[in-house]
$ cat protein.tsv   # TSV, C-alpha atoms and all ligand atoms
chain	number	residue	atom	x	y	z
R	1	MET	CA	89.63	203.50	65.56
R	2	PRO	CA	89.59	206.52	67.86
R	3	GLY	CA	87.03	209.12	66.98
R	4	THR	CA	85.10	206.93	64.59
R	5	PRO	CA	81.37	207.17	65.19
R	6	HIS	CA	80.03	203.87	66.46
R	7	ALA	CA	76.45	202.75	66.12
R	8	ASN	CA	74.67	203.42	69.39
R	9	PRO	CA	72.50	200.72	70.91
R	10	ALA	CA	69.28	202.07	69.47
R	11	GLY	CA	70.82	201.87	66.01
R	12	THR	CA	70.14	205.55	65.39
R	13	ASP	CA	72.53	208.32	64.43
R	14	PRO	CA	75.48	208.83	66.78
R	15	LEU	CA	75.21	211.26	69.68
R	16	PHE	CA	77.58	214.16	70.29
R	17	ILE	CA	77.97	216.59	73.17
R	18	GLY	CA	78.79	220.23	72.40
R	19	LEU	CA	80.22	222.53	75.08
R	20	MET	CA	80.48	226.28	74.56
R	21	SER	CA	81.75	229.05	76.81
R	22	GLY	CA	81.89	232.26	74.85
R	23	THR	CA	83.42	235.69	75.34
R	24	SER	CA	80.58	236.79	77.63
R	25	THR	CA	82.16	234.42	80.18
R	26	ASP	CA	78.66	233.81	81.55
R	27	GLY	CA	79.16	230.05	81.83
R	28	VAL	CA	79.18	226.78	79.91
R	29	ASP	CA	76.27	225.74	77.69
R	30	GLY	CA	76.13	222.04	76.84
R	31	VAL	CA	73.86	219.94	74.65
R	32	ILE	CA	73.51	216.31	73.63
R	33	ALA	CA	72.61	216.27	69.95
R	34	ARG	CA	72.35	214.01	66.95
R	35	PHE	CA	72.24	215.01	63.29
R	36	ARG	CA	70.81	213.20	60.33
R	37	GLY	CA	72.00	213.92	56.82
R	38	GLN	CA	74.03	216.90	55.69
R	39	GLY	CA	74.75	219.02	52.65
R	40	GLY	CA	72.08	220.20	50.25
R	41	THR	CA	69.11	218.97	52.20
R	42	GLY	CA	70.48	220.18	55.52
R	43	ALA	CA	71.14	218.37	58.76
R	44	ARG	CA	68.11	217.48	60.80
R	45	LEU	CA	68.90	218.15	64.44
R	46	GLN	CA	67.57	216.42	67.50
R	47	THR	CA	68.65	217.92	70.83
R	48	LEU	CA	68.14	215.51	73.73
R	49	ALA	CA	69.12	217.88	76.53
R	50	HIS	CA	70.55	221.33	77.30
R	51	VAL	CA	72.40	222.26	80.49
R	52	PHE	CA	73.88	225.62	81.49
R	53	ALA	CA	76.44	225.92	84.29
R	54	PRO	CA	77.16	229.51	85.35
R	55	MET	CA	80.83	230.49	85.60
R	56	PRO	CA	81.90	230.66	89.26
R	57	GLU	CA	82.76	234.30	90.00
R	58	GLU	CA	86.39	233.65	90.96
R	59	LEU	CA	87.03	231.68	87.76
R	60	ARG	CA	85.28	234.39	85.74
R	61	GLN	CA	87.53	237.10	87.21
R	62	THR	CA	90.63	234.98	86.49
R	63	LEU	CA	89.57	234.36	82.88
R	64	LEU	CA	88.80	238.04	82.31
R	65	ALA	CA	92.19	238.99	83.80
R	66	LEU	CA	93.90	236.48	81.49
R	67	ASN	CA	92.57	238.38	78.48
R	68	LEU	CA	95.24	240.99	79.25
R	69	ALA	CA	98.99	240.66	79.70
R	70	GLY	CA	99.77	240.03	83.36
R	71	HIS	CA	101.93	238.31	85.93
R	72	ASN	CA	102.49	234.52	85.97
R	73	GLU	CA	100.01	233.89	83.14
R	74	LEU	CA	101.09	230.33	82.32
R	75	HIS	CA	100.50	229.09	85.86
R	76	MET	CA	97.21	230.97	86.24
R	77	GLY	CA	96.02	229.98	82.78
R	78	THR	CA	96.75	226.31	83.26
R	79	LEU	CA	94.97	226.19	86.61
R	80	ALA	CA	92.02	228.08	85.10
R	81	ALA	CA	91.90	225.49	82.31
R	82	ASN	CA	91.70	222.74	84.95
R	83	ALA	CA	88.83	224.54	86.70
R	84	LEU	CA	87.05	225.03	83.37
R	85	ALA	CA	87.44	221.32	82.54
R	86	ARG	CA	85.84	220.42	85.88
R	87	LEU	CA	82.94	222.80	85.17
R	88	GLN	CA	82.55	221.28	81.69
R	89	ALA	CA	82.63	217.77	83.19
R	90	SER	CA	79.81	218.74	85.56
R	91	VAL	CA	77.76	219.82	82.52
R	92	VAL	CA	78.51	216.51	80.76
R	93	HIS	CA	77.44	214.50	83.83
R	94	GLN	CA	74.21	216.51	84.14
R	95	LEU	CA	73.48	215.89	80.45
R	96	LEU	CA	74.06	212.15	80.92
R	97	ASP	CA	71.89	212.09	84.08
R	98	GLN	CA	69.04	213.95	82.38
R	99	THR	CA	68.96	211.66	79.36
R	100	GLY	CA	69.98	208.35	80.95
R	101	CYS	CA	72.75	208.06	78.34
R	102	MET	CA	75.93	206.14	79.18
R	103	PRO	CA	79.33	207.68	78.33
R	104	ARG	CA	79.93	204.93	75.74
R	105	GLU	CA	76.77	206.04	73.89
R	106	ILE	CA	78.33	209.45	73.19
R	107	THR	CA	80.68	209.40	70.20
R	108	ALA	CA	82.58	212.53	71.23
R	109	VAL	CA	82.44	215.74	73.18
R	110	GLY	CA	83.26	218.89	71.20
R	111	SER	CA	84.64	221.44	73.66
R	112	HIS	CA	85.37	225.00	72.62
R	113	GLY	CA	87.27	226.10	75.74
R	114	GLN	CA	87.62	229.72	76.80
R	115	THR	CA	89.20	232.21	74.42
R	116	VAL	CA	91.59	234.45	76.31
R	117	ARG	CA	93.61	235.76	73.34
R	118	HIS	CA	92.75	235.89	69.65
R	119	ARG	CA	95.50	237.29	67.39
R	120	PRO	CA	95.30	235.46	64.05
R	121	ALA	CA	97.64	236.52	61.21
R	122	GLU	CA	99.65	238.85	63.45
R	123	PHE	CA	103.29	238.95	64.54
R	124	ASP	CA	105.00	236.30	62.36
R	125	GLY	CA	102.07	236.36	59.91
R	126	THR	CA	100.51	233.24	61.41
R	127	GLY	CA	99.58	234.63	64.80
R	128	TYR	CA	97.65	232.50	67.22
R	129	THR	CA	94.36	231.94	68.96
R	130	CYS	CA	94.27	230.65	72.52
R	131	GLN	CA	91.32	228.77	74.02
R	132	LEU	CA	92.12	227.67	77.56
R	133	ASN	CA	91.02	224.07	77.96
R	134	ASN	CA	92.20	220.75	79.34
R	135	GLY	CA	90.95	218.02	77.00
R	136	ALA	CA	93.00	215.40	78.83
R	137	LEU	CA	91.32	216.15	82.15
R	138	LEU	CA	87.87	216.37	80.55
R	139	ALA	CA	88.38	212.95	78.89
R	140	GLU	CA	89.58	211.58	82.22
R	141	LEU	CA	86.56	212.95	84.11
R	142	CYS	CA	83.95	211.89	81.51
R	143	GLY	CA	85.26	208.71	79.90
R	144	ILE	CA	84.26	210.07	76.48
R	145	ASP	CA	86.47	211.03	73.52
R	146	VAL	CA	87.06	214.79	73.67
R	147	VAL	CA	87.74	216.98	70.64
R	148	CYS	CA	89.00	220.48	71.34
R	149	ASP	CA	91.23	223.26	69.98
R	150	PHE	CA	89.01	223.73	66.93
R	151	ARG	CA	90.38	227.10	65.87
R	152	SER	CA	94.16	226.59	65.69
R	153	ARG	CA	94.26	224.55	62.48
R	154	ASP	CA	92.35	227.19	60.58
R	155	VAL	CA	94.76	229.85	61.87
R	156	ALA	CA	97.71	227.63	60.88
R	157	ALA	CA	96.20	227.54	57.38
R	158	GLY	CA	96.22	231.33	57.23
R	159	GLY	CA	92.63	231.80	58.40
R	160	GLN	CA	91.01	233.87	61.13
R	161	GLY	CA	90.02	230.72	63.05
R	162	ALA	CA	86.62	232.39	63.39
R	163	PRO	CA	83.74	232.36	63.05
R	164	LEU	CA	83.40	228.57	62.83
R	165	VAL	CA	79.61	228.40	63.17
R	166	PRO	CA	78.45	229.51	59.68
R	167	ALA	CA	78.80	225.98	58.20
R	168	CYS	CA	76.55	224.57	60.93
R	169	HIS	CA	74.16	227.54	60.67
R	170	ALA	CA	73.87	226.80	56.95
R	171	GLU	CA	72.93	223.17	57.54
R	172	LEU	CA	70.43	224.00	60.28
R	173	PHE	CA	68.86	227.19	59.01
R	174	ALA	CA	69.31	227.77	55.25
R	175	LEU	CA	65.95	228.21	53.49
R	176	ALA	CA	65.01	226.26	50.37
R	177	ASP	CA	64.46	229.17	48.04
R	178	ALA	CA	65.47	232.43	49.73
R	179	PRO	CA	68.64	233.77	51.32
R	180	ARG	CA	68.82	234.21	55.06
R	181	ALA	CA	71.17	235.67	57.67
R	182	VAL	CA	71.93	234.44	61.18
R	183	LEU	CA	73.25	236.81	63.83
R	184	ASN	CA	74.82	235.34	66.96
R	185	LEU	CA	74.92	237.88	69.79
R	186	GLY	CA	77.31	236.53	72.40
R	187	GLY	CA	80.06	238.60	73.98
R	188	ILE	CA	80.97	239.50	70.40
R	189	GLY	CA	78.52	239.48	67.45
R	190	ASN	CA	78.99	237.31	64.39
R	191	LEU	CA	76.99	237.02	61.19
R	192	SER	CA	76.37	234.06	58.89
R	193	VAL	CA	75.19	234.84	55.37
R	194	LEU	CA	73.29	231.88	53.94
R	195	PRO	CA	72.30	231.50	50.29
R	196	ALA	CA	69.13	229.61	49.43
R	197	ARG	CA	69.66	225.83	49.19
R	198	ASN	CA	68.51	225.91	45.57
R	199	ASP	CA	71.14	228.56	44.71
R	200	ALA	CA	73.87	226.31	43.32
R	201	ALA	CA	76.31	229.21	42.92
R	202	GLY	CA	75.64	230.62	46.38
R	203	ARG	CA	78.45	230.70	48.94
R	204	VAL	CA	78.12	230.69	52.70
R	205	THR	CA	80.04	233.58	54.23
R	206	GLY	CA	80.28	235.07	57.69
R	207	PHE	CA	82.40	237.26	59.94
R	208	ASP	CA	82.52	238.92	63.34
R	209	CYS	CA	80.53	242.13	63.06
R	210	GLY	CA	81.40	243.92	66.30
R	211	PRO	CA	80.95	243.80	70.04
R	212	ALA	CA	77.69	242.67	71.62
R	213	ASN	CA	77.11	241.67	75.24
R	214	ALA	CA	80.72	242.01	76.44
R	215	LEU	CA	80.60	245.81	76.66
R	216	MET	CA	76.94	246.04	77.74
R	217	ASP	CA	77.54	243.49	80.52
R	218	HIS	CA	80.58	245.37	81.78
R	219	TRP	CA	78.69	248.67	81.95
R	220	CYS	CA	75.71	247.08	83.65
R	221	GLN	CA	77.92	245.38	86.24
R	222	GLN	CA	79.78	248.59	86.95
R	223	HIS	CA	76.68	250.79	87.37
R	224	LEU	CA	73.87	248.46	88.50
R	225	GLY	CA	75.93	245.69	90.09
R	226	GLN	CA	74.10	243.21	87.83
R	227	PRO	CA	75.83	240.85	85.37
R	228	PHE	CA	73.61	241.89	82.43
R	229	ASP	CA	70.76	244.17	81.44
R	230	ARG	CA	67.82	241.76	81.61
R	231	GLY	CA	65.56	242.23	78.62
R	232	GLY	CA	67.47	245.42	77.82
R	233	ALA	CA	65.13	247.22	80.23
R	234	TRP	CA	67.83	249.58	81.53
R	235	ALA	CA	68.96	250.51	78.01
R	236	ALA	CA	65.34	251.03	76.97
R	237	SER	CA	64.88	253.56	79.78
R	238	GLY	CA	67.77	255.71	78.51
R	239	THR	CA	68.36	257.93	75.50
R	240	VAL	CA	70.87	257.20	72.74
R	241	ASN	CA	73.61	259.83	72.63
R	242	ALA	CA	74.10	260.58	68.94
R	243	ALA	CA	77.67	261.92	69.23
R	244	LEU	CA	78.84	258.94	71.27
R	245	LEU	CA	77.10	256.53	68.88
R	246	GLU	CA	78.85	258.10	65.89
R	247	GLN	CA	82.18	257.80	67.64
R	248	LEU	CA	81.62	254.12	68.49
R	249	LEU	CA	80.60	253.43	64.90
R	250	SER	CA	83.82	255.03	63.65
R	251	GLU	CA	85.85	252.09	65.08
R	252	PRO	CA	87.97	250.97	62.08
R	253	PHE	CA	87.26	247.24	62.67
R	254	LEU	CA	83.65	247.79	61.59
R	255	ALA	CA	84.67	249.10	58.16
R	256	GLN	CA	87.29	246.39	57.61
R	257	ARG	CA	86.46	243.95	54.84
R	258	PRO	CA	85.85	240.29	55.77
R	259	PRO	CA	87.35	237.83	56.50
R	260	LYS	CA	87.67	239.32	59.97
R	261	SER	CA	87.28	238.34	63.57
R	262	THR	CA	87.68	240.06	66.90
R	263	GLY	CA	87.37	239.64	70.64
R	264	ARG	CA	88.23	241.16	73.96
R	265	ASP	CA	91.70	241.84	72.52
R	266	LEU	CA	90.05	244.89	70.90
R	267	PHE	CA	86.63	245.40	72.48
R	268	ASN	CA	87.65	245.56	76.15
R	269	VAL	CA	87.29	247.91	79.09
R	270	ALA	CA	90.25	250.03	77.95
R	271	TRP	CA	88.60	250.48	74.53
R	272	LEU	CA	85.34	251.58	76.14
R	273	THR	CA	87.14	253.92	78.51
R	274	ARG	CA	88.92	255.58	75.58
R	275	GLN	CA	85.63	256.03	73.72
R	276	LEU	CA	83.97	257.59	76.75
R	277	ALA	CA	86.88	259.89	77.61
R	278	SER	CA	85.44	262.78	75.59
R	279	HIS	CA	81.83	262.00	76.59
R	280	GLY	CA	82.15	262.24	80.37
R	281	ASP	CA	78.83	264.08	80.65
R	282	VAL	CA	76.71	261.20	79.27
R	283	ALA	CA	74.65	259.59	82.07
R	284	PRO	CA	75.31	255.87	82.68
R	285	VAL	CA	71.80	254.89	81.56
R	286	ASP	CA	72.32	256.76	78.30
R	287	VAL	CA	75.69	255.04	77.79
R	288	GLN	CA	73.86	251.71	78.14
R	289	ALA	CA	71.22	252.81	75.63
R	290	THR	CA	74.02	253.89	73.26
R	291	LEU	CA	76.00	250.65	73.66
R	292	THR	CA	72.85	248.65	72.87
R	293	GLU	CA	72.12	250.82	69.83
R	294	PHE	CA	75.77	250.42	68.77
R	295	THR	CA	75.39	246.63	68.87
R	296	ALA	CA	72.24	246.82	66.73
R	297	ARG	CA	73.68	249.35	64.28
R	298	ALA	CA	77.00	247.51	63.82
R	299	ALA	CA	75.10	244.31	62.99
R	300	CYS	CA	72.58	246.00	60.68
R	301	ASP	CA	75.23	248.03	58.84
R	302	ALA	CA	77.15	244.77	58.26
R	303	LEU	CA	73.95	243.09	57.04
R	304	THR	CA	73.12	245.92	54.69
R	305	GLN	CA	76.62	245.76	53.22
R	306	HIS	CA	77.23	242.01	53.10
R	307	SER	CA	73.97	240.07	53.04
R	308	LEU	CA	72.90	238.51	49.76
R	309	PRO	CA	70.59	240.54	47.50
R	310	GLY	CA	66.96	239.97	48.44
R	311	THR	CA	67.64	238.83	52.00
R	312	ARG	CA	64.67	239.71	54.21
R	313	ASP	CA	65.04	237.09	56.93
R	314	LEU	CA	67.25	237.40	60.02
R	315	LEU	CA	67.49	234.77	62.74
R	316	VAL	CA	69.12	235.81	66.02
R	317	CYS	CA	70.79	233.49	68.55
R	318	GLY	CA	72.96	233.83	71.64
R	319	GLY	CA	72.02	235.72	74.78
R	320	GLY	CA	71.34	238.89	72.78
R	321	ALA	CA	68.19	237.21	71.43
R	322	LEU	CA	66.80	237.43	74.99
R	323	ASN	CA	67.38	241.18	75.07
R	324	ASP	CA	63.90	242.35	74.02
R	325	HIS	CA	64.97	245.96	73.56
R	326	LEU	CA	67.89	244.94	71.30
R	327	MET	CA	65.58	242.69	69.26
R	328	ARG	CA	63.12	245.56	68.82
R	329	ARG	CA	65.96	247.84	67.67
R	330	LEU	CA	67.17	245.27	65.13
R	331	ALA	CA	63.65	244.97	63.73
R	332	ALA	CA	63.30	248.76	63.56
R	333	LEU	CA	66.62	249.14	61.73
R	334	LEU	CA	65.65	246.46	59.17
R	335	PRO	CA	62.25	247.57	57.84
R	336	GLY	CA	60.57	244.91	55.73
R	337	TRP	CA	62.66	242.12	57.26
R	338	ARG	CA	61.44	239.26	59.38
R	339	VAL	CA	63.59	239.36	62.54
R	340	ALA	CA	63.15	236.48	64.98
R	341	ALA	CA	65.07	234.36	67.46
R	342	THR	CA	66.25	230.94	66.21
R	343	ASP	CA	63.59	229.45	68.50
R	344	SER	CA	61.21	230.17	65.62
R	345	ALA	CA	63.31	227.82	63.46
R	346	GLY	CA	63.31	225.06	66.07
R	347	VAL	CA	66.57	225.72	67.97
R	348	PRO	CA	66.43	227.77	71.21
R	349	ALA	CA	68.75	230.79	71.01
R	350	MET	CA	70.94	229.72	73.94
R	351	GLN	CA	71.56	226.26	72.45
R	352	VAL	CA	72.76	227.16	68.95
R	353	GLU	CA	76.47	227.63	69.66
R	354	ALA	CA	76.72	224.48	71.80
R	355	VAL	CA	74.94	222.58	69.01
R	356	ALA	CA	77.54	223.97	66.60
R	357	PHE	CA	80.36	222.45	68.67
R	358	ALA	CA	78.58	219.10	68.75
R	359	TRP	CA	78.34	219.46	64.95
R	360	LEU	CA	82.08	220.34	64.73
R	361	ALA	CA	82.93	217.26	66.85
R	362	ARG	CA	80.92	215.18	64.39
R	363	ALA	CA	82.75	216.77	61.47
R	364	PHE	CA	86.08	215.91	63.15
R	365	CYS	CA	85.04	212.29	63.73
R	366	GLN	CA	84.06	211.97	60.07
R	367	ARG	CA	87.31	213.76	59.12
R	368	ASP	CA	85.21	216.34	57.31
R	369	ALA	CA	86.31	219.96	57.08
R	370	GLY	CA	84.89	222.07	59.90
R	371	ASN	CA	85.84	225.45	58.47
R	372	ARG	CA	84.64	227.28	55.40
R	373	ALA	CA	87.62	228.88	53.73
R	374	GLU	CA	85.35	231.62	52.29
R	375	VAL	CA	84.46	232.56	55.87
R	376	THR	CA	87.80	232.43	57.66
R	377	GLY	CA	90.15	233.17	54.78
R	378	ALA	CA	92.08	229.91	55.32
R	379	ARG	CA	93.95	228.44	52.37
R	380	GLY	CA	91.37	225.68	52.12
R	381	PRO	CA	89.02	223.34	53.97
R	382	ARG	CA	90.61	221.73	57.04
R	383	VAL	CA	89.66	219.09	59.58
R	384	LEU	CA	89.45	221.07	62.83
R	385	GLY	CA	90.26	219.84	66.30
R	386	ALA	CA	92.56	217.67	68.40
R	387	LEU	CA	91.45	214.38	69.93
R	388	TYR	CA	91.84	213.22	73.53
R	389	PRO	CA	90.63	209.59	73.46
R	390	ALA	CA	88.52	208.38	76.37
R	401	LIG	N1	67.31	237.73	79.57
R	401	LIG	C1	68.35	238.37	79.04
R	401	LIG	N2	68.27	239.68	78.71
R	401	LIG	C2	69.30	240.34	78.18
R	401	LIG	N3	70.50	239.77	77.96
R	401	LIG	C3	70.66	238.47	78.26
R	401	LIG	C4	69.61	237.71	78.80
R	401	LIG	N4	70.07	236.44	79.00
R	401	LIG	C5	71.36	236.43	78.58
R	401	LIG	N5	71.71	237.66	78.16
R	401	LIG	C6	73.03	238.08	77.66
R	401	LIG	O1	73.62	237.02	76.96
R	401	LIG	C7	74.95	236.80	77.41
R	401	LIG	C8	75.31	235.36	77.23
R	401	LIG	O2	75.13	235.05	75.88
R	401	LIG	P1	75.92	233.88	75.19
R	401	LIG	O3	75.26	233.64	73.89
R	401	LIG	O4	76.07	232.73	76.12
R	401	LIG	O5	77.33	234.56	74.94
R	401	LIG	P2	78.75	233.87	74.82
R	401	LIG	O6	78.66	232.96	73.63
R	401	LIG	O7	79.69	234.99	74.64
R	401	LIG	O8	78.94	233.11	76.10
R	401	LIG	C9	74.93	237.28	78.84
R	401	LIG	O9	76.24	237.67	79.26
R	401	LIG	C10	73.97	238.45	78.77
R	401	LIG	O10	74.66	239.59	78.37
R	402	MG	MG	77.71	231.92	77.07

$ encode --input "protein.tsv" --output "structure tokens"
Amino acid sequence: MPGTPHANPAGTDPLFIGLMSGTSTDGVDGVIARFRGQGGTGARLQTLAHVFAPMPEELRQTLLALNLAGHNELHMGTLAANALARLQASVVHQLLDQTGCMPREITAVGSHGQTVRHRPAEFDGTGYTCQLNNGALLAELCGIDVVCDFRSRDVAAGGQGAPLVPACHAELFALADAPRAVLNLGGIGNLSVLPARNDAAGRVTGFDCGPANALMDHWCQQHLGQPFDRGGAWAASGTVNAALLEQLLSEPFLAQRPPKSTGRDLFNVAWLTRQLASHGDVAPVDVQATLTEFTARAACDALTQHSLPGTRDLLVCGGGALNDHLMRRLAALLPGWRVAATDSAGVPAMQVEAVAFAWLARAFCQRDAGNRAEVTGARGPRVLGALYPA
């Protein structure tokens, strides 16, 4: 039966590949992972390999352009999906080479694709979410079952289609007897709120909490000609502009009640330009300092408002965990909390989201729900994804 996990030759748990390319558009992260157990005791994760393939600049520019209405989008978008599938296939082949695994030993690839529009619940009330991808080509190039389009079913069921990672975060990171929060800082930031495992009444929640690297990367590229602010060193050398920070924090999305999700549809260059229009005198380095502080404040305000009572433990993943200045600001804004990258809990920060899509592929193959209705606002649990058999 297609998509059914088969026993691999070693007789151990089945292997899955997860592929993630997030709103930062920095590239494709891929992992080979296996999971043992699930539910109350949590899934034990073993990651066999991690590969990152940077996004070629031309493809990156095309994908960023496709986030906005433009000319001949269908043609450009479909060709970009082909190029992305080839990049993803190169990651899969590197993962297989590094581990010596054969394609038939991998039960399925879970491929997120590249979000270029995210408009759940709008227009006709259903809205849509669009991840460019070509599962057919990826299956053809890899000879492995491919599961993709994870978000659409949740949106069809009235949900936000995002974030999808809290369920996996809960299995990997929930503590036995204390609540915890996980903050993923990709292009956009999202929070997972995890009750203690021994809290039978506790519910996993989560939501997008604001922009993260997308705006900081743009500003850094424009003023330093570098794709990101390594370690947050540039931001750390500037001064936060209080008036600009207050204006950024007044963005209505931040005060909206969950379930909620966002993307470059809102937090884009035009948004930033509008915010800066009345702050033309702020030096570029101080804008970077303020954007970094904005990222930290938006996340901490959301935590203060929505984390479970008694939470004092924050794990951070995504590229933002490598921004030392941002990590120091998070710790400063959360006195008494333990703030650490997910590396401290056994999963390197840059692998977590790819692991989550391996986990979602596994959920699909088991025909388990991938969403949490309490997170996305969907009408109920749903099996997420569409299968392209090898
Ligand atoms: N050493 C670093 N210092 C600061 N920021 C970093 C560093 N490494 C990565 N980043 C940031 O992380 C981003 C990528 O994070 P990622 O979690 O892959 O986001 P996404 O899921 O949106 O692709 C980069 O665009 C960059 O902004
Ligand atoms: Mg990325």

$ residues_near_ligand --input "protein.tsv" --ligand "ligand LIG 401 (chain R)" --cutoff "6 Å" --atoms "only C-alpha atoms and all ligand atoms" --output "PyMOL selection string"
chain R and resi 21-26+185-187+213+217+228-232+318-320+322-323+350

$ residues_around --input "protein.tsv" --residues "Gly370 in chain R" --least-positions-apart "6" --cutoff "9 Å" --atoms "only C-alpha atoms" --output "list in words"
Phe150, Leu164, Val165, Ala167, Cys168, Trp359, Leu360, Ala361, Ala363, Phe364, Pro381, Arg382, Val383, Leu384 and Gly385 of chain R

$ closest_residue --input "protein.tsv" --among "R:Gly210, R:Pro284, R:Gly158, R:Gly346" --to "Leu183 in chain R" --atoms "only C-alpha atoms"
R:Gly210

$ atom_distance --input "protein.tsv" --atom1 "CA of Met216 in chain R" --atom2 "CA of Asp281 in chain R"
18.4 Å

$ closest_residue --input "protein.tsv" --among "R:Asp208, R:Asp29, R:Asp13, R:Asp301" --to "ligand MG 402 (chain R)" --atoms "only C-alpha atoms and all ligand atoms"
R:Asp29
